[in-house]
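J.: Just so it is clear, I am handing over data21.pdb, which has PDB, C-alpha atoms and all ligand atoms.
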MODEL        1
ATOM      1  CA  MET F  23     -21.687   5.973  32.168
ATOM      2  CA  ASN F  24     -21.529   4.279  28.770
ATOM      3  CA  GLN F  25     -22.203   5.936  25.430
ATOM      4  CA  PHE F  26     -25.468   4.053  24.832
ATOM      5  CA  LEU F  27     -27.141   5.046  28.109
ATOM      6  CA  ASP F  28     -29.741   7.881  28.201
ATOM      7  CA  ILE F  29     -30.852   8.840  31.684
ATOM      8  CA  SER F  30     -33.870  11.177  31.880
ATOM      9  CA  LYS F  31     -33.450  14.573  33.507
ATOM     10  CA  GLU F  32     -35.586  13.640  36.502
ATOM     11  CA  VAL F  33     -33.732  10.377  37.168
ATOM     12  CA  LEU F  34     -30.310  11.948  36.608
ATOM     13  CA  HIS F  35     -31.170  14.726  39.046
ATOM     14  CA  ALA F  36     -32.210  12.135  41.627
ATOM     15  CA  LEU F  37     -29.068  10.054  41.144
ATOM     16  CA  ASN F  38     -26.767  13.081  41.287
ATOM     17  CA  ASN F  39     -28.446  14.342  44.444
ATOM     18  CA  GLY F  40     -28.580  11.017  46.241
ATOM     19  CA  LEU F  41     -32.376  10.697  46.115
ATOM     20  CA  PRO F  42     -34.062   7.261  46.163
ATOM     21  CA  VAL F  43     -34.796   5.763  42.728
ATOM     22  CA  VAL F  44     -36.796   2.635  41.808
ATOM     23  CA  ALA F  45     -36.346   0.936  38.429
ATOM     24  CA  LEU F  46     -39.256  -0.574  36.459
ATOM     25  CA  GLU F  47     -39.269  -2.952  33.494
ATOM     26  CA  SER F  48     -40.935  -2.539  30.092
ATOM     27  CA  THR F  49     -41.690  -6.165  29.095
ATOM     28  CA  ILE F  50     -44.467  -6.128  31.677
ATOM     29  CA  ILE F  51     -45.948  -3.273  29.605
ATOM     30  CA  SER F  52     -45.470  -4.692  26.097
ATOM     31  CA  HIS F  53     -45.812  -8.420  26.745
ATOM     32  CA  GLY F  54     -47.365  -8.726  30.191
ATOM     33  CA  MET F  55     -50.688  -6.943  29.840
ATOM     34  CA  PRO F  56     -53.073  -5.762  27.094
ATOM     35  CA  TYR F  57     -53.456  -2.149  25.910
ATOM     36  CA  PRO F  58     -54.579   0.230  27.370
ATOM     37  CA  GLN F  59     -54.353  -1.315  30.856
ATOM     38  CA  ASN F  60     -50.608  -1.880  30.374
ATOM     39  CA  ALA F  61     -49.785   1.797  29.789
ATOM     40  CA  GLN F  62     -52.264   2.947  32.461
ATOM     41  CA  THR F  63     -50.728   0.547  34.981
ATOM     42  CA  ALA F  64     -47.201   1.690  34.143
ATOM     43  CA  LEU F  65     -48.207   5.285  34.891
ATOM     44  CA  MET F  66     -50.039   4.311  38.094
ATOM     45  CA  VAL F  67     -46.951   2.417  39.247
ATOM     46  CA  GLU F  68     -44.817   5.521  38.656
ATOM     47  CA  ASN F  69     -47.291   7.554  40.732
ATOM     48  CA  VAL F  70     -47.179   5.076  43.616
ATOM     49  CA  ILE F  71     -43.388   5.357  43.623
ATOM     50  CA  ARG F  72     -43.587   9.153  43.745
ATOM     51  CA  GLU F  73     -46.206   9.076  46.517
ATOM     52  CA  ASN F  74     -43.838   6.931  48.552
ATOM     53  CA  GLY F  75     -40.953   9.348  48.224
ATOM     54  CA  ALA F  76     -38.861   7.852  45.413
ATOM     55  CA  VAL F  77     -38.274   8.629  41.746
ATOM     56  CA  PRO F  78     -39.465   6.061  39.161
ATOM     57  CA  ALA F  79     -37.114   4.986  36.375
ATOM     58  CA  THR F  80     -38.932   2.911  33.771
ATOM     59  CA  ILE F  81     -36.342   1.219  31.580
ATOM     60  CA  ALA F  82     -36.556   0.303  27.872
ATOM     61  CA  ILE F  83     -34.523   0.276  24.667
ATOM     62  CA  ILE F  84     -35.697   2.857  22.149
ATOM     63  CA  GLY F  85     -34.005   3.279  18.780
ATOM     64  CA  GLY F  86     -30.945   1.527  20.134
ATOM     65  CA  ARG F  87     -30.636   3.784  23.197
ATOM     66  CA  LEU F  88     -30.751   2.319  26.693
ATOM     67  CA  LYS F  89     -33.383   4.565  28.276
ATOM     68  CA  VAL F  90     -33.622   5.054  32.022
ATOM     69  CA  GLY F  91     -36.773   7.075  32.730
ATOM     70  CA  LEU F  92     -39.454   7.215  30.042
ATOM     71  CA  THR F  93     -41.908   9.948  29.087
ATOM     72  CA  LYS F  94     -45.687   9.301  29.170
ATOM     73  CA  GLU F  95     -45.595   9.148  25.371
ATOM     74  CA  GLU F  96     -42.842   6.549  25.391
ATOM     75  CA  ILE F  97     -44.767   4.425  27.894
ATOM     76  CA  ASP F  98     -47.871   4.683  25.715
ATOM     77  CA  TYR F  99     -45.801   3.691  22.652
ATOM     78  CA  PHE F 100     -44.651   0.502  24.409
ATOM     79  CA  GLY F 101     -48.197  -0.223  25.510
ATOM     80  CA  LYS F 102     -49.636   0.254  22.023
ATOM     81  CA  LYS F 103     -46.959  -1.646  20.111
ATOM     82  CA  GLY F 104     -47.149  -4.516  22.593
ATOM     83  CA  THR F 105     -45.656  -7.771  21.404
ATOM     84  CA  GLN F 106     -44.496  -6.176  18.133
ATOM     85  CA  ILE F 107     -41.595  -4.863  20.199
ATOM     86  CA  ALA F 108     -38.744  -7.335  20.640
ATOM     87  CA  LYS F 109     -38.564  -8.873  24.094
ATOM     88  CA  ALA F 110     -34.987  -8.108  25.063
ATOM     89  CA  SER F 111     -33.040 -10.478  27.254
ATOM     90  CA  ARG F 112     -29.262 -10.393  27.911
ATOM     91  CA  ARG F 113     -28.379 -12.007  24.567
ATOM     92  CA  ASP F 114     -30.378  -9.362  22.670
ATOM     93  CA  LEU F 115     -28.839  -6.248  24.187
ATOM     94  CA  ALA F 116     -25.828  -5.645  21.926
ATOM     95  CA  PRO F 117     -27.591  -6.491  18.624
ATOM     96  CA  LEU F 118     -30.621  -4.278  19.406
ATOM     97  CA  VAL F 119     -28.391  -1.358  20.399
ATOM     98  CA  ALA F 120     -26.022  -1.822  17.437
ATOM     99  CA  LYS F 121     -28.953  -1.962  14.996
ATOM    100  CA  GLY F 122     -30.749   1.012  16.566
ATOM    101  CA  LEU F 123     -33.874  -1.021  17.391
ATOM    102  CA  ASP F 124     -36.480  -0.973  20.163
ATOM    103  CA  GLY F 125     -36.530  -3.573  22.907
ATOM    104  CA  ALA F 126     -38.737  -4.274  25.889
ATOM    105  CA  THR F 127     -36.558  -5.003  28.884
ATOM    106  CA  THR F 128     -37.233  -8.137  30.925
ATOM    107  CA  VAL F 129     -36.208  -8.547  34.556
ATOM    108  CA  THR F 130     -32.765  -9.515  33.245
ATOM    109  CA  THR F 131     -32.084  -6.474  31.059
ATOM    110  CA  THR F 132     -33.811  -4.085  33.459
ATOM    111  CA  MET F 133     -31.417  -5.253  36.198
ATOM    112  CA  MET F 134     -28.466  -4.821  33.832
ATOM    113  CA  ILE F 135     -29.408  -1.302  32.746
ATOM    114  CA  ALA F 136     -30.437  -0.239  36.280
ATOM    115  CA  HIS F 137     -27.000  -1.329  37.464
ATOM    116  CA  MET F 138     -25.299   0.632  34.658
ATOM    117  CA  ALA F 139     -27.188   3.716  35.883
ATOM    118  CA  GLY F 140     -26.429   3.077  39.563
ATOM    119  CA  ILE F 141     -29.972   2.098  40.626
ATOM    120  CA  LYS F 142     -30.201  -0.517  43.381
ATOM    121  CA  ILE F 143     -33.894  -1.442  43.569
ATOM    122  CA  PHE F 144     -36.364  -2.607  40.980
ATOM    123  CA  ALA F 145     -40.081  -3.365  41.335
ATOM    124  CA  THR F 146     -42.052  -5.670  39.064
ATOM    125  CA  GLY F 147     -44.822  -8.290  38.998
ATOM    126  CA  GLY F 148     -43.265 -11.716  38.599
ATOM    127  CA  ILE F 149     -39.875 -13.040  37.590
ATOM    128  CA  GLY F 150     -39.091 -15.750  35.062
ATOM    129  CA  GLY F 151     -37.858 -19.068  36.428
ATOM    130  CA  VAL F 152     -37.487 -22.771  35.787
ATOM    131  CA  HIS F 153     -40.331 -23.880  33.524
ATOM    132  CA  ARG F 154     -42.261 -27.040  34.231
ATOM    133  CA  GLY F 155     -40.650 -29.831  32.238
ATOM    134  CA  ALA F 156     -37.296 -28.007  32.174
ATOM    135  CA  GLU F 157     -35.574 -31.348  32.722
ATOM    136  CA  THR F 158     -36.249 -32.054  29.034
ATOM    137  CA  THR F 159     -36.737 -28.573  27.505
ATOM    138  CA  MET F 160     -33.890 -26.807  29.401
ATOM    139  CA  ASP F 161     -36.198 -23.779  29.553
ATOM    140  CA  ILE F 162     -34.828 -21.753  32.444
ATOM    141  CA  SER F 163     -35.258 -17.986  32.407
ATOM    142  CA  ALA F 164     -32.173 -15.820  32.062
ATOM    143  CA  ASP F 165     -33.653 -13.839  34.993
ATOM    144  CA  LEU F 166     -32.220 -16.414  37.407
ATOM    145  CA  GLU F 167     -28.704 -16.032  36.009
ATOM    146  CA  GLU F 168     -28.978 -12.269  36.204
ATOM    147  CA  LEU F 169     -30.099 -12.439  39.828
ATOM    148  CA  SER F 170     -26.949 -14.430  40.499
ATOM    149  CA  SER F 171     -24.614 -11.864  38.979
ATOM    150  CA  THR F 172     -26.023  -8.316  39.053
ATOM    151  CA  PRO F 173     -26.343  -6.468  42.382
ATOM    152  CA  VAL F 174     -29.901  -5.142  42.140
ATOM    153  CA  THR F 175     -32.744  -6.018  44.523
ATOM    154  CA  VAL F 176     -35.898  -7.164  42.752
ATOM    155  CA  VAL F 177     -39.223  -6.786  44.571
ATOM    156  CA  CYS F 178     -41.824  -9.098  43.005
ATOM    157  CA  ALA F 179     -44.881 -11.145  43.969
ATOM    158  CA  GLY F 180     -43.000 -14.413  43.569
ATOM    159  CA  ALA F 181     -43.514 -16.327  40.357
ATOM    160  CA  LYS F 182     -46.537 -17.721  38.576
ATOM    161  CA  SER F 183     -47.127 -21.418  38.823
ATOM    162  CA  ILE F 184     -46.781 -21.597  35.031
ATOM    163  CA  LEU F 185     -43.276 -22.318  36.391
ATOM    164  CA  ASP F 186     -41.934 -25.099  38.551
ATOM    165  CA  LEU F 187     -41.632 -23.061  41.744
ATOM    166  CA  GLY F 188     -39.736 -25.732  43.667
ATOM    167  CA  LEU F 189     -37.067 -26.035  40.974
ATOM    168  CA  THR F 190     -36.911 -22.239  40.666
ATOM    169  CA  LEU F 191     -36.017 -21.994  44.371
ATOM    170  CA  GLU F 192     -33.452 -24.810  44.008
ATOM    171  CA  TYR F 193     -31.834 -22.986  41.113
ATOM    172  CA  LEU F 194     -31.706 -19.720  43.064
ATOM    173  CA  GLU F 195     -30.118 -21.527  45.980
ATOM    174  CA  THR F 196     -27.439 -23.067  43.754
ATOM    175  CA  LYS F 197     -26.706 -19.652  42.276
ATOM    176  CA  GLY F 198     -26.407 -18.041  45.705
ATOM    177  CA  VAL F 199     -29.377 -15.709  45.404
ATOM    178  CA  THR F 200     -30.849 -14.502  48.708
ATOM    179  CA  VAL F 201     -34.626 -14.999  48.614
ATOM    180  CA  ILE F 202     -36.625 -13.027  51.164
ATOM    181  CA  GLY F 203     -40.317 -13.196  51.982
ATOM    182  CA  TYR F 204     -41.925  -9.880  52.830
ATOM    183  CA  ASN F 205     -44.169 -10.666  55.802
ATOM    184  CA  THR F 206     -44.332 -14.277  54.661
ATOM    185  CA  LYS F 207     -42.465 -17.525  55.255
ATOM    186  CA  GLU F 208     -43.608 -18.955  51.920
ATOM    187  CA  LEU F 209     -42.758 -18.076  48.354
ATOM    188  CA  PRO F 210     -45.875 -16.299  47.042
ATOM    189  CA  ALA F 211     -47.271 -17.657  43.767
ATOM    190  CA  PHE F 212     -48.152 -14.320  42.168
ATOM    191  CA  TYR F 213     -51.983 -14.611  42.063
ATOM    192  CA  THR F 214     -52.042 -16.363  45.422
ATOM    193  CA  ARG F 215     -50.164 -15.668  48.652
ATOM    194  CA  LYS F 216     -48.832 -19.173  49.155
ATOM    195  CA  SER F 217     -47.067 -21.866  47.159
ATOM    196  CA  GLY F 218     -46.193 -24.450  49.780
ATOM    197  CA  PHE F 219     -42.468 -23.681  49.300
ATOM    198  CA  LYS F 220     -40.597 -22.048  52.165
ATOM    199  CA  VAL F 221     -38.315 -19.036  51.790
ATOM    200  CA  ASP F 222     -35.258 -18.855  54.037
ATOM    201  CA  TYR F 223     -35.692 -15.345  55.405
ATOM    202  CA  THR F 224     -38.608 -13.139  56.317
ATOM    203  CA  VAL F 225     -38.606  -9.361  56.803
ATOM    204  CA  GLU F 226     -41.461  -7.399  58.283
ATOM    205  CA  SER F 227     -40.648  -3.859  57.220
ATOM    206  CA  PRO F 228     -38.877  -1.823  54.543
ATOM    207  CA  GLU F 229     -36.236  -0.948  57.197
ATOM    208  CA  GLU F 230     -35.445  -4.615  57.710
ATOM    209  CA  LEU F 231     -35.188  -5.238  53.978
ATOM    210  CA  ALA F 232     -32.981  -2.155  53.537
ATOM    211  CA  LYS F 233     -30.652  -3.444  56.253
ATOM    212  CA  ILE F 234     -30.070  -6.684  54.338
ATOM    213  CA  ILE F 235     -29.494  -4.812  51.070
ATOM    214  CA  TYR F 236     -27.090  -2.447  52.846
ATOM    215  CA  THR F 237     -25.139  -5.371  54.274
ATOM    216  CA  HIS F 238     -25.060  -7.160  50.903
ATOM    217  CA  ASP F 239     -23.702  -3.967  49.382
ATOM    218  CA  VAL F 240     -21.041  -3.334  52.031
ATOM    219  CA  LEU F 241     -19.894  -6.955  51.741
ATOM    220  CA  ASN F 242     -19.684  -6.348  48.003
ATOM    221  CA  LEU F 243     -21.481  -9.624  47.307
ATOM    222  CA  LYS F 244     -22.034 -10.635  43.743
ATOM    223  CA  GLY F 245     -25.614 -10.876  42.517
ATOM    224  CA  GLY F 246     -28.987  -9.542  43.503
ATOM    225  CA  ILE F 247     -31.549 -10.101  46.215
ATOM    226  CA  LEU F 248     -35.042 -11.352  45.494
ATOM    227  CA  CYS F 249     -37.736  -9.953  47.756
ATOM    228  CA  THR F 250     -41.057 -11.730  47.320
ATOM    229  CA  ASN F 251     -44.076  -9.761  48.442
ATOM    230  CA  PRO F 252     -47.451 -11.565  48.461
ATOM    231  CA  ILE F 253     -50.431 -10.088  46.648
ATOM    232  CA  PRO F 254     -52.651  -8.249  49.195
ATOM    233  CA  GLU F 255     -55.204 -10.635  50.730
ATOM    234  CA  GLU F 256     -58.213  -8.777  49.297
ATOM    235  CA  TYR F 257     -56.989  -9.230  45.708
ATOM    236  CA  SER F 258     -55.607 -12.769  45.911
ATOM    237  CA  MET F 259     -57.331 -15.320  43.679
ATOM    238  CA  ASP F 260     -58.894 -18.680  44.425
ATOM    239  CA  GLU F 261     -56.103 -21.238  44.215
ATOM    240  CA  ASN F 262     -58.069 -23.969  42.414
ATOM    241  CA  TYR F 263     -59.542 -21.552  39.918
ATOM    242  CA  ILE F 264     -56.218 -20.005  38.916
ATOM    243  CA  ASN F 265     -54.395 -23.349  38.905
ATOM    244  CA  ASN F 266     -56.987 -24.811  36.523
ATOM    245  CA  ALA F 267     -56.532 -21.830  34.210
ATOM    246  CA  ILE F 268     -52.750 -22.311  34.330
ATOM    247  CA  GLU F 269     -53.079 -26.033  33.563
ATOM    248  CA  SER F 270     -55.241 -25.271  30.498
ATOM    249  CA  ALA F 271     -52.765 -22.645  29.318
ATOM    250  CA  LEU F 272     -49.859 -25.092  29.696
ATOM    251  CA  MET F 273     -51.768 -27.761  27.751
ATOM    252  CA  LYS F 274     -52.525 -25.360  24.910
ATOM    253  CA  ALA F 275     -48.881 -24.241  24.752
ATOM    254  CA  LYS F 276     -47.841 -27.884  24.449
ATOM    255  CA  GLU F 277     -50.399 -28.600  21.717
ATOM    256  CA  LEU F 278     -49.302 -25.577  19.700
ATOM    257  CA  GLY F 279     -45.609 -26.332  20.221
ATOM    258  CA  ILE F 280     -44.875 -22.897  21.753
ATOM    259  CA  LYS F 281     -41.166 -22.614  22.571
ATOM    260  CA  GLY F 282     -38.367 -20.297  23.650
ATOM    261  CA  LYS F 283     -38.983 -16.637  24.392
ATOM    262  CA  GLU F 284     -42.635 -16.923  23.250
ATOM    263  CA  THR F 285     -43.503 -19.328  26.064
ATOM    264  CA  THR F 286     -43.905 -16.838  28.922
ATOM    265  CA  PRO F 287     -45.891 -14.186  26.953
ATOM    266  CA  PHE F 288     -48.125 -16.941  25.504
ATOM    267  CA  LEU F 289     -48.919 -18.359  28.937
ATOM    268  CA  LEU F 290     -49.555 -14.904  30.418
ATOM    269  CA  LYS F 291     -52.039 -14.085  27.668
ATOM    270  CA  GLU F 292     -53.804 -17.460  27.841
ATOM    271  CA  VAL F 293     -54.265 -17.218  31.610
ATOM    272  CA  LYS F 294     -55.656 -13.728  31.207
ATOM    273  CA  ASP F 295     -58.081 -14.837  28.456
ATOM    274  CA  ILE F 296     -59.260 -17.912  30.384
ATOM    275  CA  THR F 297     -59.944 -15.928  33.545
ATOM    276  CA  GLY F 298     -61.723 -13.197  31.602
ATOM    277  CA  GLY F 299     -59.671 -10.362  33.000
ATOM    278  CA  THR F 300     -59.882 -11.137  36.733
ATOM    279  CA  SER F 301     -56.244 -12.219  36.676
ATOM    280  CA  LEU F 302     -55.338  -8.913  35.032
ATOM    281  CA  GLU F 303     -56.937  -7.012  37.893
ATOM    282  CA  ALA F 304     -54.967  -9.081  40.433
ATOM    283  CA  ASN F 305     -51.815  -8.531  38.379
ATOM    284  CA  ILE F 306     -52.251  -4.742  38.455
ATOM    285  CA  LYS F 307     -52.872  -4.659  42.216
ATOM    286  CA  LEU F 308     -49.828  -6.720  43.080
ATOM    287  CA  VAL F 309     -47.516  -4.603  40.929
ATOM    288  CA  LEU F 310     -48.726  -1.444  42.692
ATOM    289  CA  ASN F 311     -48.105  -3.119  46.040
ATOM    290  CA  ASN F 312     -44.552  -4.112  45.017
ATOM    291  CA  ALA F 313     -43.862  -0.563  43.854
ATOM    292  CA  LYS F 314     -44.886   0.708  47.295
ATOM    293  CA  ILE F 315     -42.581  -1.651  49.211
ATOM    294  CA  ALA F 316     -39.682  -1.042  46.788
ATOM    295  CA  SER F 317     -39.992   2.758  47.166
ATOM    296  CA  GLN F 318     -40.219   2.618  50.945
ATOM    297  CA  THR F 319     -37.141   0.391  50.974
ATOM    298  CA  ALA F 320     -35.289   2.742  48.592
ATOM    299  CA  VAL F 321     -36.075   5.606  50.982
ATOM    300  CA  CYS F 322     -34.691   3.637  53.979
ATOM    301  CA  LEU F 323     -31.597   2.602  52.052
ATOM    302  CA  ASN F 324     -31.075   6.192  51.113
ATOM    303  CA  LYS F 325     -31.124   7.220  54.779
ATOM    304  CA  MET F 326     -28.406   4.639  55.361
ATOM    305  CA  GLY F 327     -26.281   6.422  52.787
ATOM    306  CA  LYS F 328     -26.773   3.984  49.885
TER     307      LYS F 328
HETATM  308  N1  LIG S 401     -43.817 -13.168  34.529
HETATM  309  C1  LIG S 401     -44.908 -12.424  34.745
HETATM  310  N2  LIG S 401     -45.074 -11.282  34.047
HETATM  311  C2  LIG S 401     -44.151 -10.840  33.135
HETATM  312  C3  LIG S 401     -42.969 -11.634  32.933
HETATM  313  C4  LIG S 401     -42.847 -12.783  33.664
HETATM  314  O1  LIG S 401     -45.743 -12.801  35.559
HETATM  315  O2  LIG S 401     -44.351  -9.796  32.498
HETATM  316  C5  LIG S 401     -41.912 -11.152  31.969
HETATM  317  C6  LIG S 401     -40.766 -10.443  32.734
HETATM  318  O3  LIG S 401     -40.251  -9.421  31.914
HETATM  319  C7  LIG S 401     -39.733 -11.544  32.881
HETATM  320  C8  LIG S 401     -39.903 -12.275  31.587
HETATM  321  O4  LIG S 401     -38.408 -11.079  33.065
HETATM  322  O5  LIG S 401     -41.307 -12.283  31.333
HETATM  323  C9  LIG S 401     -39.350 -13.683  31.630
HETATM  324  O6  LIG S 401     -39.391 -14.253  30.371
HETATM  325  P1  LIG S 401     -38.661 -15.642  30.085
HETATM  326  O7  LIG S 401     -39.434 -16.658  30.857
HETATM  327  O8  LIG S 401     -38.764 -15.820  28.608
HETATM  328  O9  LIG S 401     -37.264 -15.471  30.561
HETATM  329 MN    MN S 402     -37.338 -19.330  28.365
ENDMDL
END
Using the file provided, produce a representation of the structure as structure tokens.
Ligand code: PSU
Ligand code: MN

T.:
Amino acid sequence: MNQFLDISKEVLHALNNGLPVVALESTIISHGMPYPQNAQTALMVENVIRENGAVPATIAIIGGRLKVGLTKEEIDYFGKKGTQIAKASRRDLAPLVAKGLDGATTVTTTMMIAHMAGIKIFATGGIGGVHRGAETTMDISADLEELSSTPVTVVCAGAKSILDLGLTLEYLETKGVTVIGYNTKELPAFYTRKSGFKVDYTVESPEELAKIIYTHDVLNLKGGILCTNPIPEEYSMDENYINNAIESALMKAKELGIKGKETTPFLLKEVKDITGGTSLEANIKLVLNNAKIASQTAVCLNKMGK
């Protein structure tokens, strides 16, 4: 354990006693949803994990400490402060810690800190990826690099089509990341269950997913596994409706010259505003569903001695 890591009592107890633990990110709270739904969702997600037999470990940087397991108050603080908190990717970790600052962990830094703590599974909404137009902007999320190097399984609902999903899959293939569809042969597109892009492997149960993670672990393979779990049918959105909203958001981002780390949060907020909150509802439901599958998988993995 390194000197900057603070693991909560509950999570430390679970880790020391070989109980299943599921990591959660904090950028989804601060930058992914508005207050108070963000903090409420974060607490609901923790409850779902508990109900499914695992211990939740929400990860964030607070006052320069790498926190694994937050209190309700800390979750509320991240929800309230929102985008005033620095979005922390890999490049930001050392400066934020050295300066004693706060940071909201993205998929990248949540994977890094989960790995430092010995946590193998992480549930979230969507990952970052290759942005549309990346052939000129070079905007490719650090999440893809992290998936290629840090051995943590990420359960998500695919990626939003604010990204170029085809290029995202190509990039993951080049980097050797195993992409699995949970009860699907297609990469889910976050708000919708299908994208038209095939995934290479499908699993139909948490046991099956755990078996792949176990094997990956025993083989000591570098990098993570991406499990993509489609939004439940009853909450999935109309494809044309959401794609039109995404197109408008992309156009506005271009007009305003939005760049770099602001791009993803800007697009998330625009899509939410355009759809008048229906996308937020879908977003909440899919995160809860990912938390369920991740916990059930953590429980299976645990039974296999991992
Ligand atoms: N996509 C979402 N919701 C999110 C994010 C992405 O649908 O909250 C957040 C995650 O924290 C992800 C990050 O790791 O944005 C990616 O940002 P960027 O594209 O700047 O790498
Ligand atoms: Mn980017």

J.: Running the PyMOL selection byres (((not hetatm)) within 6 of (chain S and resi 402)) on this model by hand, what would come out? Give it as a PyMOL selection string.

T.: chain F and resi 161-163+282-283

J.: Kindly provide, as a VMD selection string, all nucleotide and amino acid residues lying within 9 Å of ligand LIG 401 (chain S), counting all atoms listed in the file.

T.: chain F and resid 47 to 55 109 to 111 126 to 132 146 to 153 161 to 166 179 to 182 184 to 185 212 282 to 287 290 305

J.: Excluding Met326 in chain F and residues on its chain fewer than 3 positions from it, collect all residues at most 12 Å away from it, counting all atoms listed in the file, and give them as a tab-separated table (two decimals) with C-alpha atoms, in the coordinates of the input.

T.:
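Listing of result09.tsv after writing:
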chain	number	residue	atom	x	y	z
F	40	GLY	CA	-28.58	11.02	46.24
F	41	LEU	CA	-32.38	10.70	46.12
F	42	PRO	CA	-34.06	7.26	46.16
F	229	GLU	CA	-36.24	-0.95	57.20
F	230	GLU	CA	-35.44	-4.62	57.71
F	232	ALA	CA	-32.98	-2.15	53.54
F	233	LYS	CA	-30.65	-3.44	56.25
F	234	ILE	CA	-30.07	-6.68	54.34
F	235	ILE	CA	-29.49	-4.81	51.07
F	236	TYR	CA	-27.09	-2.45	52.85
F	237	THR	CA	-25.14	-5.37	54.27
F	239	ASP	CA	-23.70	-3.97	49.38
F	240	VAL	CA	-21.04	-3.33	52.03
F	319	THR	CA	-37.14	0.39	50.97
F	320	ALA	CA	-35.29	2.74	48.59
F	321	VAL	CA	-36.08	5.61	50.98
F	322	CYS	CA	-34.69	3.64	53.98
F	323	LEU	CA	-31.60	2.60	52.05

J.: Considering only C-alpha atoms, can you say which of F:Leu243, F:Ile296, F:Leu37, F:Ala61 comes closest to Gly104 in chain F?

T.: F:Ala61

J.: Would you kindly translate the PyMOL selection byres (((chain F and resi 250) around 8) and not hetatm) into the concrete residues it picks from this file, as a list in words?

T.: Val177, Cys178, Ala179, Gly180, Val201, Ile202, Gly203, Tyr204, Leu209, Pro210, Leu248, Cys249, Asn251 and Pro252 of chain F
